Amino acid sequence: MATVLFYLLGLVTVIATLLAITRRNPVHAVIYLVNSFFALALLFYLLGAPLVAAWEVIIYAGAIMVLFLFIIMMLELAPTPEADRMGPTWWQWLPVLLLALALVGCTLMLIGVDAGVAQGVPRWYATPRDFGFALFGKYALAVEVVSFQLLFAAVGAFYVGKPERKRRQKKEEGA
Amino acid sequence: MSLWRDIKGTLQPFWVTLCNMMRRPVTVQYPEQKQQMAQRYRGRLMLTRDPEGHERCVACHLCSAACPVDCISMQAAEGDDGRRHAAWFRINFTRCIFCGLCTEACPTLAIQVTGEFELAGRDPLKLVWEKDDLLVDHGGHTPDYNFYRQSGVGVAAPRGGLPTETAPVDPKDLMP
Amino acid sequence: MIDGLIMIVLILIKLGVIFAVIMTMAAYLVLAERKILARMQLRHGPNRVGPFGMMQPLADVIKLLTKEDFLPDRADKWLFLLAPGMAAVTAILTFAVVPFGPPLQVFGHELPLVVIDLNVGVLYFLGLSSLAVYGVALGGWASNSKYSLLGGIRGLAQLISYELSMGLALVPVVMLARSFSLTDIVLAQQAAPFILVNPLAFLIFLVSVVAESKRTPFDMPEAENELVGGFHTEYSGMRFGLFFVGEYINLVILSSMVTVFFLGGWLGPLLPGVIWFGVKVLALCFFFIWVRGSLPRLRYDQLMHFGWKILLPLALLNVLLTGAVLLWSRT
Ligand code: SF4
Ligand code: SF4
């Protein structure tokens with residue numbers, strides 16, 4: 001049961017991601033990506049890590065993708081939805097419907113399967129405490145390195161985002 | 001202290017609204033309770049009569065000229081005594097904006113406002129009021145006013161009938 | 001076998017009752033809001049349909065159901081049709097983890113008064129509340145109208161900003177209760193509700209919650225006098241109704257969350273737990289309505305300024321302080 005679920009969810013994740021990177025319309029792509037994050041979160045839950053599953057939904061689906069959507073809408077990267085003026089043809093709905101159905105079905109089945117107890121998956125259940133110890137104990141160095149990367153990104157964004165005029169002023173002063 | 005001011009400004013409204021909640025609402029529950037309209041409220045129009053009971057309107061068209069939405073129309077006519085009156089007089093209340101400019105234009109104080117405002121209906125044609133609907137048998141806001149007595153003009157004899165006058169020109173006649 | 005059947009029936013009854021109660025509460029909150037706001041403005045509010053206007057929600061529903069379901073030309077159809085559902089469903093789903101009373105004894109079975117007691121209940125709540133913004137944003141984008149788009153963008157920006165301080169305000173609570181489960185959090189407040197233990201976290205959470213529910217003074221996404229209706233400008237009929245009901249369900253949910261996290265949930269002297277819970281939630285709902293009647297809408301930059309430069313540092317500081325105090329008191 002759990003193995004079937006595992007492969008089913010994996011399939012959903014892969015298909016949703018594929019659809020996400022092939023969409024012309026960025027907003028649609030974001031929706032497929034959110035879908036794939038959900039499948040991923042369910043996978044984590046299946047593997048016995050409810051905390052990571054929750055983070056997946058909160059941080060990736062809930063914050064990062066929201067930020068993506070914000071930028072897309074702000075810069076009007078998405079084409080105005082003029083192309084499909086002919087109405088929602090059934091094949092336009094189909095992938096979303098199938099993926100969503102698969103997700104809901106998997107969730108229902110998950111209720112039946114006690115997470116991480118079935119055969120084929122490790123009999124290990126990560127509590128928030130385990131997770132915290134692993135993150136800040138065993139892998140502390142890796143976490144710090146990654147956070148440095150984030151700092152670089154933030155500094156870079158600051159520099160790029162600085163008003164053009166101020167930057168030029170600085171340059172002139174330097175020259 | 002701008003922080004103190006901000007905090008005070010944030011908390012004060014709560015007290016005000018709470019006080020208001022304890023007060024009695026000022027709403028007039030309209031269909032059951034009627035409001036007493038002010039003396040000079042500009043509602044529906046009426047055509048008044050002078051103290052003798054004659055129609056005041058002399059069909060001078062000034063009101064219809066003053067009306068910004070052109071909702072007054074009439075046909076002038078002359079009585080046996082040479083006095084003018086309106087043969088028919090029509091106000092289209094679907095167009096009237098109740099501005100009261102017609103009443104200010106009227107030299108005889110014939111057209112006047114009333115306090116009535118309940119004109120709503122389902123049939124717009126019922127809102128086109130004829131002279132019979134508009135005429136009232138009192139003097140409105142000015143019961144004692146009589147235009148002819150003020151202006152002193154009484155046209156008793158037919159025009160051009162006095163010895164000092166020449167006969168009126170017939171505009172339809174080609175002869176000099 | 002019989003035991004299992006009774007249990008299933010009990011659970012189904014519980015679900016039905018919870019759903020009915022939330023829907024009725026949402027419907028009557030609309031009425032309560034209109035009435036209370038009216039009284040604050042020296043008016044009567046709706047009082048025509050039924051005694052004291054009590055049937056007004058019913059009339060509203062009939063009106064919304066019979067209105068034309070309008071679909072703008074050039075709208076992105078499937079997103080447009082889907083968005084209101086997203087807004088309402090995420091709101092309803094959140095209630096699954098709210099414990100609203102102590103476990104009940106029925107026919108010798110223990111029936112916990114919560115749909116599921118997830119061990120990551122806090123995260124479940126945070127996750128769903130961050131997903132709720134998709135309904136707003138996608139609805140706003142799919143309408144293909146500039147007002148809706150602006151409303152959607154504002155909704156996105158605002159929810160991201162306040163989501164952060166909301167989550168950070170909950171960290172001290174989790175630290176104090178030493179659990180992510182909402183039932184455990186309530187039980188940890190036996191001695192004193194967390195509003196007394198950590199009033200700063202309560203204040204931060206309260207402000208973020210008002211922002212999260214998109215109500216005055218943080219109703220930028222639907223600011224009526226600049227954006228017509230914001231993200232729901234193009235919606236009509238029951239689709240608009242879903243947005244509307246979603247907002248009020250959200251109000252109930254967020255009030256229950258404040259109750260659970262800071263006001264001690266169902267705990268209280270004398271009265272049974274469920275009643276205490278109801279009283280606290282209703283008081284908070286009244287507070288939200290009161291805020292709406294009292295405060296003007298913030299400007300967009302003020303809102304961002306407040307969220308990022310005041311609320312967030314305060315919340316971080318609070319986490320630090322609480323951690324320090326906890327460590328110090330343990331050693
Ligand atoms: S009140 Fe104004 S609009 Fe109405 S008839 Fe008189 S002039 Fe015309
Ligand atoms: S109502 Fe007054 S202004 Fe209008 S035609 Fe009659 S006399 Fe003239």
# chains A, B, ... in the order shown; residues from 1 in each chain; ligands from 1
>>> residues_near_ligand(ligand="ligand 2", cutoff="12 Å", atoms="only C-alpha atoms and all ligand atoms", output="number ranges by chain")
B: 45-50, 55-67, 71-77, 83-91, 100-113, 131, 134-135, 146-148
>>> residues_around(residues="Phe14 (chain B)", least_positions_apart="6", cutoff="12 Å", atoms="only C-alpha atoms", output="count of residues only")
15
>>> closest_residue(among="B:Pro68, B:Gly139, B:Pro13, B:Gly53", to="ligand 1", atoms="only C-alpha atoms and all ligand atoms")
B:Pro68
>>> residues_around(residues="Ala39 (chain A)", least_positions_apart="6", cutoff="10 Å", atoms="only C-alpha atoms", output="PyMOL selection string")
chain A and resi 6+8-14+16+33+45+53+56-57+99-100+102-104+106-107
>>> interface_residues(of="chain C", to="chain A", cutoff="10 Å", atoms="only C-alpha atoms", output="PDB file with N, CA, C and O atoms, in the first residue's frame")
ATOM      1  N   ASP C  73     -15.285  38.649 -20.104  1.00  0.00           N
ATOM      2  CA  ASP C  73     -14.626  38.271 -21.337  1.00  0.00           C
ATOM      3  C   ASP C  73     -13.121  38.407 -21.104  1.00  0.00           C
ATOM      4  O   ASP C  73     -12.674  39.308 -20.423  1.00  0.00           O
ATOM      5  N   ARG C  74     -12.346  37.522 -21.664  1.00  0.00           N
ATOM      6  CA  ARG C  74     -10.890  37.554 -21.551  1.00  0.00           C
ATOM      7  C   ARG C  74     -10.376  37.232 -20.162  1.00  0.00           C
ATOM      8  O   ARG C  74      -9.205  37.446 -19.860  1.00  0.00           O
ATOM      9  N   ALA C  75     -11.251  36.764 -19.287  1.00  0.00           N
ATOM     10  CA  ALA C  75     -10.732  36.301 -18.002  1.00  0.00           C
ATOM     11  C   ALA C  75     -10.097  34.938 -18.221  1.00  0.00           C
ATOM     12  O   ALA C  75     -10.431  34.233 -19.154  1.00  0.00           O
ATOM     13  N   ASP C  76      -9.175  34.605 -17.328  1.00  0.00           N
ATOM     14  CA  ASP C  76      -8.569  33.278 -17.397  1.00  0.00           C
ATOM     15  C   ASP C  76      -9.560  32.322 -16.745  1.00  0.00           C
ATOM     16  O   ASP C  76      -9.665  32.266 -15.529  1.00  0.00           O
ATOM     17  N   LYS C  77     -10.297  31.572 -17.572  1.00  0.00           N
ATOM     18  CA  LYS C  77     -11.531  31.001 -17.039  1.00  0.00           C
ATOM     19  C   LYS C  77     -11.339  30.010 -15.913  1.00  0.00           C
ATOM     20  O   LYS C  77     -11.977  30.122 -14.880  1.00  0.00           O
ATOM     21  N   TRP C  78     -10.462  29.030 -16.111  1.00  0.00           N
ATOM     22  CA  TRP C  78     -10.476  28.024 -15.053  1.00  0.00           C
ATOM     23  C   TRP C  78      -9.950  28.541 -13.739  1.00  0.00           C
ATOM     24  O   TRP C  78     -10.405  28.156 -12.684  1.00  0.00           O
ATOM     25  N   LEU C  79      -9.031  29.480 -13.780  1.00  0.00           N
ATOM     26  CA  LEU C  79      -8.584  30.076 -12.516  1.00  0.00           C
ATOM     27  C   LEU C  79      -9.674  30.946 -11.915  1.00  0.00           C
ATOM     28  O   LEU C  79      -9.891  30.941 -10.714  1.00  0.00           O
ATOM     29  N   LEU C 118      -3.685  16.957  15.369  1.00  0.00           N
ATOM     30  CA  LEU C 118      -2.395  16.764  14.703  1.00  0.00           C
ATOM     31  C   LEU C 118      -1.270  17.125  15.662  1.00  0.00           C
ATOM     32  O   LEU C 118      -1.395  18.075  16.438  1.00  0.00           O
ATOM     33  N   ASN C 119      -0.159  16.391  15.579  1.00  0.00           N
ATOM     34  CA  ASN C 119       0.960  16.772  16.451  1.00  0.00           C
ATOM     35  C   ASN C 119       1.728  17.965  15.877  1.00  0.00           C
ATOM     36  O   ASN C 119       2.618  18.493  16.494  1.00  0.00           O
ATOM     37  N   VAL C 120       1.350  18.376  14.658  1.00  0.00           N
ATOM     38  CA  VAL C 120       1.953  19.608  14.125  1.00  0.00           C
ATOM     39  C   VAL C 120       0.832  20.611  13.829  1.00  0.00           C
ATOM     40  O   VAL C 120       0.828  21.288  12.817  1.00  0.00           O
ATOM     41  N   GLY C 121      -0.141  20.679  14.745  1.00  0.00           N
ATOM     42  CA  GLY C 121      -1.327  21.510  14.517  1.00  0.00           C
ATOM     43  C   GLY C 121      -1.005  22.960  14.209  1.00  0.00           C
ATOM     44  O   GLY C 121      -1.601  23.565  13.325  1.00  0.00           O
ATOM     45  N   VAL C 122      -0.021  23.520  14.928  1.00  0.00           N
ATOM     46  CA  VAL C 122       0.336  24.920  14.713  1.00  0.00           C
ATOM     47  C   VAL C 122       0.802  25.123  13.273  1.00  0.00           C
ATOM     48  O   VAL C 122       0.407  26.083  12.596  1.00  0.00           O
ATOM     49  N   LEU C 123       1.615  24.164  12.808  1.00  0.00           N
ATOM     50  CA  LEU C 123       2.144  24.301  11.451  1.00  0.00           C
ATOM     51  C   LEU C 123       1.039  24.121  10.418  1.00  0.00           C
ATOM     52  O   LEU C 123       1.018  24.795   9.393  1.00  0.00           O
ATOM     53  N   TYR C 124       0.115  23.216  10.719  1.00  0.00           N
ATOM     54  CA  TYR C 124      -1.027  23.014   9.825  1.00  0.00           C
ATOM     55  C   TYR C 124      -1.796  24.324   9.663  1.00  0.00           C
ATOM     56  O   TYR C 124      -2.137  24.742   8.557  1.00  0.00           O
ATOM     57  N   PHE C 125      -2.027  24.991  10.789  1.00  0.00           N
ATOM     58  CA  PHE C 125      -2.729  26.278  10.744  1.00  0.00           C
ATOM     59  C   PHE C 125      -1.948  27.296   9.921  1.00  0.00           C
ATOM     60  O   PHE C 125      -2.492  27.960   9.034  1.00  0.00           O
ATOM     61  N   LEU C 126      -0.643  27.390  10.194  1.00  0.00           N
ATOM     62  CA  LEU C 126       0.164  28.373   9.464  1.00  0.00           C
ATOM     63  C   LEU C 126       0.170  28.056   7.971  1.00  0.00           C
ATOM     64  O   LEU C 126       0.055  28.945   7.126  1.00  0.00           O
ATOM     65  N   GLY C 127       0.310  26.755   7.643  1.00  0.00           N
ATOM     66  CA  GLY C 127       0.356  26.361   6.242  1.00  0.00           C
ATOM     67  C   GLY C 127      -0.922  26.730   5.520  1.00  0.00           C
ATOM     68  O   GLY C 127      -0.898  27.338   4.449  1.00  0.00           O
ATOM     69  N   LEU C 128      -2.059  26.399   6.127  1.00  0.00           N
ATOM     70  CA  LEU C 128      -3.314  26.696   5.446  1.00  0.00           C
ATOM     71  C   LEU C 128      -3.540  28.190   5.324  1.00  0.00           C
ATOM     72  O   LEU C 128      -4.042  28.677   4.313  1.00  0.00           O
ATOM     73  N   SER C 129      -3.161  28.929   6.376  1.00  0.00           N
ATOM     74  CA  SER C 129      -3.406  30.362   6.293  1.00  0.00           C
ATOM     75  C   SER C 129      -2.506  30.991   5.233  1.00  0.00           C
ATOM     76  O   SER C 129      -2.865  32.006   4.638  1.00  0.00           O
ATOM     77  N   SER C 130      -1.348  30.386   4.958  1.00  0.00           N
ATOM     78  CA  SER C 130      -0.536  30.969   3.896  1.00  0.00           C
ATOM     79  C   SER C 130      -1.038  30.513   2.529  1.00  0.00           C
ATOM     80  O   SER C 130      -0.803  31.180   1.522  1.00  0.00           O
ATOM     81  N   LEU C 131      -1.770  29.404   2.490  1.00  0.00           N
ATOM     82  CA  LEU C 131      -2.343  28.994   1.206  1.00  0.00           C
ATOM     83  C   LEU C 131      -3.581  29.809   0.873  1.00  0.00           C
ATOM     84  O   LEU C 131      -3.963  29.944  -0.285  1.00  0.00           O
ATOM     85  N   ALA C 132      -4.225  30.355   1.912  1.00  0.00           N
ATOM     86  CA  ALA C 132      -5.477  31.087   1.687  1.00  0.00           C
ATOM     87  C   ALA C 132      -5.277  32.241   0.719  1.00  0.00           C
ATOM     88  O   ALA C 132      -6.203  32.642   0.020  1.00  0.00           O
ATOM     89  N   VAL C 133      -4.054  32.750   0.650  1.00  0.00           N
ATOM     90  CA  VAL C 133      -3.817  33.920  -0.185  1.00  0.00           C
ATOM     91  C   VAL C 133      -3.937  33.572  -1.673  1.00  0.00           C
ATOM     92  O   VAL C 133      -4.189  34.429  -2.500  1.00  0.00           O
ATOM     93  N   TYR C 134      -3.786  32.276  -2.008  1.00  0.00           N
ATOM     94  CA  TYR C 134      -3.871  31.918  -3.424  1.00  0.00           C
ATOM     95  C   TYR C 134      -5.235  32.273  -4.011  1.00  0.00           C
ATOM     96  O   TYR C 134      -5.322  32.722  -5.153  1.00  0.00           O
ATOM     97  N   ALA C 137      -5.121  36.015  -4.674  1.00  0.00           N
ATOM     98  CA  ALA C 137      -4.191  36.444  -5.722  1.00  0.00           C
ATOM     99  C   ALA C 137      -4.623  35.927  -7.089  1.00  0.00           C
ATOM    100  O   ALA C 137      -4.676  36.685  -8.064  1.00  0.00           O
ATOM    101  N   LEU C 138      -4.972  34.640  -7.151  1.00  0.00           N
ATOM    102  CA  LEU C 138      -5.323  34.077  -8.452  1.00  0.00           C
ATOM    103  C   LEU C 138      -6.647  34.646  -8.941  1.00  0.00           C
ATOM    104  O   LEU C 138      -6.806  34.930 -10.133  1.00  0.00           O
ATOM    105  N   GLY C 140      -7.736  37.595  -8.302  1.00  0.00           N
ATOM    106  CA  GLY C 140      -7.424  38.939  -8.763  1.00  0.00           C
ATOM    107  C   GLY C 140      -6.739  38.938 -10.108  1.00  0.00           C
ATOM    108  O   GLY C 140      -7.037  39.750 -10.972  1.00  0.00           O
ATOM    109  N   TRP C 141      -5.838  37.975 -10.304  1.00  0.00           N
ATOM    110  CA  TRP C 141      -5.114  37.948 -11.569  1.00  0.00           C
ATOM    111  C   TRP C 141      -6.021  37.473 -12.712  1.00  0.00           C
ATOM    112  O   TRP C 141      -6.016  38.027 -13.811  1.00  0.00           O
ATOM    113  N   ALA C 142      -6.827  36.442 -12.410  1.00  0.00           N
ATOM    114  CA  ALA C 142      -7.613  35.818 -13.471  1.00  0.00           C
ATOM    115  C   ALA C 142      -8.720  36.730 -13.982  1.00  0.00           C
ATOM    116  O   ALA C 142      -9.181  36.573 -15.107  1.00  0.00           O
ATOM    117  N   SER C 143      -9.137  37.706 -13.166  1.00  0.00           N
ATOM    118  CA  SER C 143     -10.227  38.572 -13.613  1.00  0.00           C
ATOM    119  C   SER C 143      -9.812  39.439 -14.789  1.00  0.00           C
ATOM    120  O   SER C 143     -10.654  39.954 -15.502  1.00  0.00           O
ATOM    121  N   ASN C 144      -8.505  39.642 -14.953  1.00  0.00           N
ATOM    122  CA  ASN C 144      -7.998  40.480 -16.021  1.00  0.00           C
ATOM    123  C   ASN C 144      -8.586  41.887 -15.964  1.00  0.00           C
ATOM    124  O   ASN C 144      -9.072  42.415 -16.954  1.00  0.00           O
ATOM    125  N   SER C 145      -8.580  42.446 -14.759  1.00  0.00           N
ATOM    126  CA  SER C 145      -9.007  43.835 -14.596  1.00  0.00           C
ATOM    127  C   SER C 145      -7.981  44.495 -13.709  1.00  0.00           C
ATOM    128  O   SER C 145      -7.395  43.841 -12.844  1.00  0.00           O
ATOM    129  N   LEU C 149      -6.307  43.095 -10.235  1.00  0.00           N
ATOM    130  CA  LEU C 149      -4.886  42.764 -10.204  1.00  0.00           C
ATOM    131  C   LEU C 149      -4.203  43.494  -9.056  1.00  0.00           C
ATOM    132  O   LEU C 149      -3.430  42.907  -8.289  1.00  0.00           O
ATOM    133  N   LEU C 150      -4.508  44.800  -8.920  1.00  0.00           N
ATOM    134  CA  LEU C 150      -3.895  45.561  -7.841  1.00  0.00           C
ATOM    135  C   LEU C 150      -4.285  44.983  -6.492  1.00  0.00           C
ATOM    136  O   LEU C 150      -3.451  44.858  -5.597  1.00  0.00           O
ATOM    137  N   GLY C 152      -5.099  41.902  -5.890  1.00  0.00           N
ATOM    138  CA  GLY C 152      -4.392  40.642  -5.704  1.00  0.00           C
ATOM    139  C   GLY C 152      -2.957  40.868  -5.277  1.00  0.00           C
ATOM    140  O   GLY C 152      -2.460  40.218  -4.345  1.00  0.00           O
ATOM    141  N   ILE C 153      -2.283  41.808  -5.925  1.00  0.00           N
ATOM    142  CA  ILE C 153      -0.884  42.072  -5.579  1.00  0.00           C
ATOM    143  C   ILE C 153      -0.772  42.538  -4.135  1.00  0.00           C
ATOM    144  O   ILE C 153       0.068  42.073  -3.367  1.00  0.00           O
ATOM    145  N   ARG C 154      -1.669  43.447  -3.771  1.00  0.00           N
ATOM    146  CA  ARG C 154      -1.621  43.934  -2.394  1.00  0.00           C
ATOM    147  C   ARG C 154      -1.866  42.808  -1.414  1.00  0.00           C
ATOM    148  O   ARG C 154      -1.199  42.716  -0.368  1.00  0.00           O
ATOM    149  N   GLY C 155      -2.837  41.940  -1.766  1.00  0.00           N
ATOM    150  CA  GLY C 155      -3.118  40.816  -0.885  1.00  0.00           C
ATOM    151  C   GLY C 155      -1.878  39.970  -0.686  1.00  0.00           C
ATOM    152  O   GLY C 155      -1.534  39.605   0.437  1.00  0.00           O
ATOM    153  N   LEU C 156      -1.181  39.669  -1.794  1.00  0.00           N
ATOM    154  CA  LEU C 156       0.023  38.845  -1.711  1.00  0.00           C
ATOM    155  C   LEU C 156       1.050  39.485  -0.797  1.00  0.00           C
ATOM    156  O   LEU C 156       1.550  38.854   0.148  1.00  0.00           O
ATOM    157  N   ALA C 157       1.361  40.752  -1.085  1.00  0.00           N
ATOM    158  CA  ALA C 157       2.414  41.423  -0.327  1.00  0.00           C
ATOM    159  C   ALA C 157       2.055  41.479   1.144  1.00  0.00           C
ATOM    160  O   ALA C 157       2.868  41.165   2.017  1.00  0.00           O
ATOM    161  N   LEU C 159      -0.071  39.630   2.895  1.00  0.00           N
ATOM    162  CA  LEU C 159      -0.140  38.359   3.616  1.00  0.00           C
ATOM    163  C   LEU C 159       1.232  37.790   3.878  1.00  0.00           C
ATOM    164  O   LEU C 159       1.474  37.231   4.944  1.00  0.00           O
ATOM    165  N   ILE C 160       2.155  37.974   2.923  1.00  0.00           N
ATOM    166  CA  ILE C 160       3.512  37.489   3.184  1.00  0.00           C
ATOM    167  C   ILE C 160       4.099  38.224   4.377  1.00  0.00           C
ATOM    168  O   ILE C 160       4.667  37.630   5.285  1.00  0.00           O
ATOM    169  N   SER C 161       3.932  39.554   4.389  1.00  0.00           N
ATOM    170  CA  SER C 161       4.566  40.337   5.449  1.00  0.00           C
ATOM    171  C   SER C 161       4.032  39.955   6.816  1.00  0.00           C
ATOM    172  O   SER C 161       4.797  39.849   7.772  1.00  0.00           O
ATOM    173  N   GLU C 163       2.255  37.225   7.660  1.00  0.00           N
ATOM    174  CA  GLU C 163       2.408  35.801   7.949  1.00  0.00           C
ATOM    175  C   GLU C 163       3.647  35.583   8.813  1.00  0.00           C
ATOM    176  O   GLU C 163       3.640  34.812   9.773  1.00  0.00           O
ATOM    177  N   LEU C 164       4.699  36.311   8.477  1.00  0.00           N
ATOM    178  CA  LEU C 164       5.981  36.136   9.146  1.00  0.00           C
ATOM    179  C   LEU C 164       5.871  36.482  10.626  1.00  0.00           C
ATOM    180  O   LEU C 164       6.266  35.706  11.487  1.00  0.00           O
ATOM    181  N   SER C 179       5.068  22.077  22.728  1.00  0.00           N
ATOM    182  CA  SER C 179       4.374  21.156  21.834  1.00  0.00           C
ATOM    183  C   SER C 179       3.771  21.939  20.673  1.00  0.00           C
ATOM    184  O   SER C 179       3.453  23.121  20.805  1.00  0.00           O
ATOM    185  N   PHE C 180       3.633  21.240  19.529  1.00  0.00           N
ATOM    186  CA  PHE C 180       2.984  21.867  18.378  1.00  0.00           C
ATOM    187  C   PHE C 180       1.495  21.535  18.321  1.00  0.00           C
ATOM    188  O   PHE C 180       0.787  22.010  17.458  1.00  0.00           O
TER     189      PHE C 180
END
>>> select_by_dssp(residues="chain B", states="strand (DSSP E)", output="list of chain:residue names")
B:Leu45, B:Met46, B:Leu47, B:Ile72, B:Ser73, B:Met74, B:Gln75, B:Ala76, B:Ala77, B:Glu78, B:Arg84, B:His85, B:Ala86, B:Ala87, B:Trp88, B:Phe89, B:Arg90, B:Ile91, B:Asn92, B:Ile111, B:Gln112, B:Val113, B:Val128, B:Trp129
>>> atom_distance(atom1="atom 8 (Fe, counted along the ligand's line) of ligand 1", atom2="CA of Arg122 (chain B)")
21.7 Å
>>> select_by_dssp(residues="region 6-159 of chain B", states="helix (DSSP H, G or I)", output="VMD selection string")
chain B and resid 6 to 22 62 to 66 101 to 105 124 to 127 131 to 134 147 to 151
>>> interface_residues(of="chain B", to="chain C", cutoff="12 Å", atoms="only C-alpha atoms", output="count of residues only")
24
>>> residues_around(residues="Met54 (chain C)", least_positions_apart="5", cutoff="10 Å", atoms="only C-alpha atoms", output="VMD selection string")
chain C and resid 28 31 to 32 46 to 49 59
>>> residues_around(residues="Phe262 (chain C)", least_positions_apart="2", cutoff="6 Å", atoms="only C-alpha atoms", output="list in words")
Pro193, Phe194, Ile195, Val258, Thr259, Val260 and Gly264 of chain C
>>> write_last_selection(atoms="all heavy atoms", output="CSV table (one decimal), in the first residue's frame")
chain,number,residue,atom,x,y,z
C,193,PRO,N,-3.4,31.7,31.4
C,193,PRO,CA,-3.4,31.9,29.9
C,193,PRO,C,-2.2,32.6,29.5
C,193,PRO,O,-1.7,33.5,30.2
C,193,PRO,CB,-4.7,32.6,29.7
C,193,PRO,CG,-5.1,33.2,30.9
C,193,PRO,CD,-4.6,32.4,32.0
C,194,PHE,N,-1.8,32.3,28.2
C,194,PHE,CA,-0.5,32.9,27.7
C,194,PHE,C,-0.6,34.4,27.5
C,194,PHE,O,0.4,35.0,27.3
C,194,PHE,CB,-0.1,32.2,26.4
C,194,PHE,CG,0.4,30.8,26.7
C,194,PHE,CD1,0.4,29.8,25.7
C,194,PHE,CD2,1.0,30.5,27.9
C,194,PHE,CE1,0.9,28.6,25.9
C,194,PHE,CE2,1.5,29.2,28.1
C,194,PHE,CZ,1.5,28.3,27.2
C,195,ILE,N,-1.8,34.9,27.5
C,195,ILE,CA,-1.9,36.4,27.3
C,195,ILE,C,-1.3,37.1,28.5
C,195,ILE,O,-0.7,38.2,28.4
C,195,ILE,CB,-3.4,36.8,27.1
C,195,ILE,CG1,-3.5,38.3,27.0
C,195,ILE,CG2,-4.3,36.4,28.3
C,195,ILE,CD1,-4.9,38.8,26.7
C,258,VAL,N,-6.8,32.6,18.2
C,258,VAL,CA,-6.3,33.5,19.3
C,258,VAL,C,-6.8,32.9,20.7
C,258,VAL,O,-6.0,32.9,21.6
C,258,VAL,CB,-6.9,34.9,19.1
C,258,VAL,CG1,-6.5,35.8,20.3
C,258,VAL,CG2,-6.5,35.5,17.8
C,259,THR,N,-8.0,32.4,20.7
C,259,THR,CA,-8.5,31.8,21.9
C,259,THR,C,-7.6,30.6,22.4
C,259,THR,O,-7.2,30.5,23.5
C,259,THR,CB,-9.9,31.3,21.7
C,259,THR,OG1,-10.7,32.3,21.1
C,259,THR,CG2,-10.5,30.9,23.0
C,260,VAL,N,-7.3,29.8,21.4
C,260,VAL,CA,-6.5,28.6,21.8
C,260,VAL,C,-5.1,29.0,22.2
C,260,VAL,O,-4.6,28.5,23.2
C,260,VAL,CB,-6.5,27.6,20.6
C,260,VAL,CG1,-5.4,26.6,20.8
C,260,VAL,CG2,-7.8,27.0,20.3
C,264,GLY,N,-6.4,30.6,26.6
C,264,GLY,CA,-6.7,29.4,27.4
C,264,GLY,C,-7.8,28.5,26.8
C,264,GLY,O,-8.3,27.7,27.6
>>> atom_distance(atom1="CA of Glu224 (chain C)", atom2="CA of Tyr147 (chain C)")
10.2 Å
>>> decode(residues="region 109-119 of chain B", atoms="N, CA and C atoms", output="tab-separated table (two decimals), in the first residue's frame")
chain	number	residue	atom	x	y	z
B	109	LEU	N	-45.54	83.95	-8.93
B	109	LEU	CA	-45.47	82.99	-7.81
B	109	LEU	C	-46.49	81.87	-7.97
B	110	ALA	N	-46.75	81.50	-9.23
B	110	ALA	CA	-47.74	80.45	-9.47
B	110	ALA	C	-47.16	79.08	-9.17
B	111	ILE	N	-45.97	78.84	-9.68
B	111	ILE	CA	-45.38	77.52	-9.48
B	111	ILE	C	-44.60	77.55	-8.19
B	112	GLN	N	-44.88	76.62	-7.29
B	112	GLN	CA	-44.23	76.60	-5.98
B	112	GLN	C	-43.90	75.18	-5.57
B	113	VAL	N	-42.98	75.07	-4.65
B	113	VAL	CA	-42.60	73.72	-4.21
B	113	VAL	C	-43.45	73.28	-3.03
B	114	THR	N	-43.63	71.99	-2.90
B	114	THR	CA	-44.28	71.42	-1.73
B	114	THR	C	-43.26	70.54	-1.02
B	115	GLY	N	-43.63	70.05	0.15
B	115	GLY	CA	-42.71	69.19	0.89
B	115	GLY	C	-42.84	67.73	0.50
B	116	GLU	N	-43.65	67.46	-0.48
B	116	GLU	CA	-43.91	66.06	-0.78
B	116	GLU	C	-42.78	65.47	-1.62
B	117	PHE	N	-42.36	64.23	-1.30
B	117	PHE	CA	-41.26	63.64	-2.07
B	117	PHE	C	-41.54	62.19	-2.45
B	118	GLU	N	-42.65	61.64	-2.01
B	118	GLU	CA	-42.89	60.22	-2.28
B	118	GLU	C	-43.49	60.02	-3.65
B	119	LEU	N	-42.66	60.10	-4.68
B	119	LEU	CA	-43.16	60.05	-6.04
B	119	LEU	C	-42.88	58.72	-6.71
